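K.L.:
Encoded as structure tokens, here's the structure I'll be asking about.
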Amino acid sequence: MRRIFEPNPVPPSYDALPPDLLLRPTQLEAAAAQLAALIPGVAAMAPRYSEIRCPMSVVAGREDRIVDPHAHAVQLHNAVAGSTLHLLAETGHMPQHARPDAVMAAIERVERAMTAESAHAEA
């Protein structure tokens, strides 16, 4: 669990999860199936990233040791015209827990951009 959150601490709500709950065979099978589908799924979608035509913020932890932010977040940002990239310093794989302020700010910027786009389209 610590590795997922590094360099940030594991939130208390995660520390409170009983290990038996996380290590149930059905949970482990589901996690393995999700991971097995993730790699080919991303490979299949990546060539179409440039087709995305809506406001987008890409948020990633600069110190993520689970998913390389340069191999994924930076490439996604580079492929999507008009996207914004937020590589958060001293943040790992779970920026929504470590830096909820930055994640919410990125979401709010997308919301403002969508509202502006909608108003422009209606005019």
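As shown in the structure tokens, the chain order sets the letters A, B, ...; within each chain, residues go from 1, and ligands are also counted from 1 in the order they appear.
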Within stretch 4-101 of chain A, find each residue whose DSSP state, derived from the backbone, is strand (DSSP E or B), and express the selection as a ChimeraX atom specification.

P.N.:
/A:57-61,84-88

K.L.:
Grab the residues selected above and save them as an mmCIF file, in the first residue's frame with N, CA and C atoms.

P.N.:
```
data_model
loop_
_atom_site.group_PDB
_atom_site.id
_atom_site.type_symbol
_atom_site.label_atom_id
_atom_site.label_comp_id
_atom_site.auth_asym_id
_atom_site.auth_seq_id
_atom_site.Cartn_x
_atom_site.Cartn_y
_atom_site.Cartn_z
ATOM 1 N N SER A 57 -7.607 18.513 -18.677
ATOM 2 C CA SER A 57 -6.445 18.702 -17.809
ATOM 3 C C SER A 57 -5.886 17.333 -17.495
ATOM 4 N N VAL A 58 -4.602 17.179 -17.667
ATOM 5 C CA VAL A 58 -3.918 15.933 -17.347
ATOM 6 C C VAL A 58 -3.155 16.193 -16.049
ATOM 7 N N VAL A 59 -3.495 15.452 -15.013
ATOM 8 C CA VAL A 59 -2.889 15.639 -13.698
ATOM 9 C C VAL A 59 -2.129 14.367 -13.329
ATOM 10 N N ALA A 60 -0.883 14.523 -12.927
ATOM 11 C CA ALA A 60 -0.079 13.367 -12.530
ATOM 12 C C ALA A 60 0.941 13.794 -11.483
ATOM 13 N N GLY A 61 1.314 12.839 -10.668
ATOM 14 C CA GLY A 61 2.374 13.077 -9.688
ATOM 15 C C GLY A 61 3.736 12.918 -10.341
ATOM 16 N N THR A 84 -4.109 20.863 -20.826
ATOM 17 C CA THR A 84 -3.151 21.426 -19.879
ATOM 18 C C THR A 84 -2.535 20.276 -19.096
ATOM 19 N N LEU A 85 -1.279 20.423 -18.741
ATOM 20 C CA LEU A 85 -0.549 19.389 -18.015
ATOM 21 C C LEU A 85 -0.153 19.920 -16.652
ATOM 22 N N HIS A 86 -0.438 19.129 -15.640
ATOM 23 C CA HIS A 86 -0.108 19.496 -14.261
ATOM 24 C C HIS A 86 0.690 18.340 -13.656
ATOM 25 N N LEU A 87 2.017 18.435 -13.701
ATOM 26 C CA LEU A 87 2.883 17.450 -13.053
ATOM 27 C C LEU A 87 3.182 17.986 -11.660
ATOM 28 N N LEU A 88 2.630 17.341 -10.667
ATOM 29 C CA LEU A 88 2.691 17.845 -9.302
ATOM 30 C C LEU A 88 3.942 17.356 -8.589
#
```

K.L.:
Take atom CA of A:Ala16 and atom CA of A:Leu35 and report the distance between them in Å, one decimal.

P.N.:
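A separation of 24.4 Å between them.
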
K.L.:
Have a look at A:Met114, A:Met1, A:Val10, A:Ala106 and name the one nearest to A:Leu23; count only C-alpha atoms.

P.N.:
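Answer, going by the shortest atom-to-atom distance: A:Met1.
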
K.L.:
For the atom pair atom CA of A:Val103 and atom CA of A:Ala46, what is the interatomic distance in Å to one decimal place?

P.N.:
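Here the two named atoms are 22.9 Å from each other.
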
K.L.:
So, with only C-alpha atoms as the atoms that count, which of A:Ile52, A:Met94, A:Ala37, A:Met45 lies closest to A:His77?

P.N.:
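Closest residue, counting only C-alpha atoms: A:Ile52.
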
K.L.:
Could you pull out the residues in stretch 33-62 of chain A that DSSP calls alpha helix (DSSP H) from the backbone, as a compact mmCIF listing (two decimals) with N, CA and C atoms, in the first residue's frame?

P.N.:
```txt
# COMPACT_ATOMS: atom_id res chain seq x y z
N ALA A 33 -7.06 -8.86 -13.34
CA ALA A 33 -7.79 -8.75 -14.61
C ALA A 33 -7.78 -7.31 -15.11
N GLN A 34 -7.95 -6.37 -14.19
CA GLN A 34 -7.93 -4.96 -14.58
C GLN A 34 -6.56 -4.57 -15.13
N LEU A 35 -5.50 -5.00 -14.46
CA LEU A 35 -4.16 -4.68 -14.93
C LEU A 35 -3.87 -5.33 -16.28
N ALA A 36 -4.30 -6.57 -16.44
CA ALA A 36 -4.07 -7.27 -17.71
C ALA A 36 -4.78 -6.58 -18.87
N ALA A 37 -5.94 -6.01 -18.62
CA ALA A 37 -6.69 -5.31 -19.67
C ALA A 37 -6.17 -3.89 -19.90
N LEU A 38 -5.56 -3.31 -18.88
CA LEU A 38 -5.13 -1.91 -18.96
C LEU A 38 -4.07 -1.69 -20.04
N ILE A 39 -3.05 -2.50 -20.07
CA ILE A 39 -1.94 -2.27 -21.00
C ILE A 39 -2.40 -2.36 -22.46
N PRO A 40 -3.08 -3.42 -22.87
CA PRO A 40 -3.54 -3.44 -24.27
C PRO A 40 -4.62 -2.39 -24.53
N GLY A 41 -5.40 -2.06 -23.51
CA GLY A 41 -6.42 -1.03 -23.69
C GLY A 41 -5.83 0.34 -23.98
N VAL A 42 -4.81 0.70 -23.23
CA VAL A 42 -4.12 1.98 -23.45
C VAL A 42 -3.44 1.97 -24.81
N ALA A 43 -2.81 0.86 -25.15
CA ALA A 43 -2.14 0.75 -26.46
C ALA A 43 -3.13 0.93 -27.60
N ALA A 44 -4.33 0.43 -27.44
CA ALA A 44 -5.35 0.55 -28.48
C ALA A 44 -5.91 1.97 -28.56
N MET A 45 -6.02 2.65 -27.43
CA MET A 45 -6.59 4.00 -27.41
C MET A 45 -5.60 5.09 -27.80
```

K.L.:
Excluding same-chain residues fewer than 6 positions from A:Ala113, what lies within 10 Å of it counting only C-alpha atoms, as a list in words?

P.N.:
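Surrounding residues, per the criterion: Cys54, Pro55, Met56, Ile107 and Ala119 of chain A.
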
K.L.:
Here is a test: counting only C-alpha atoms, which residue of A:Val74, A:Ala121, A:Val110, A:Val67 is nearest to A:Gly92?

P.N.:
A:Val67
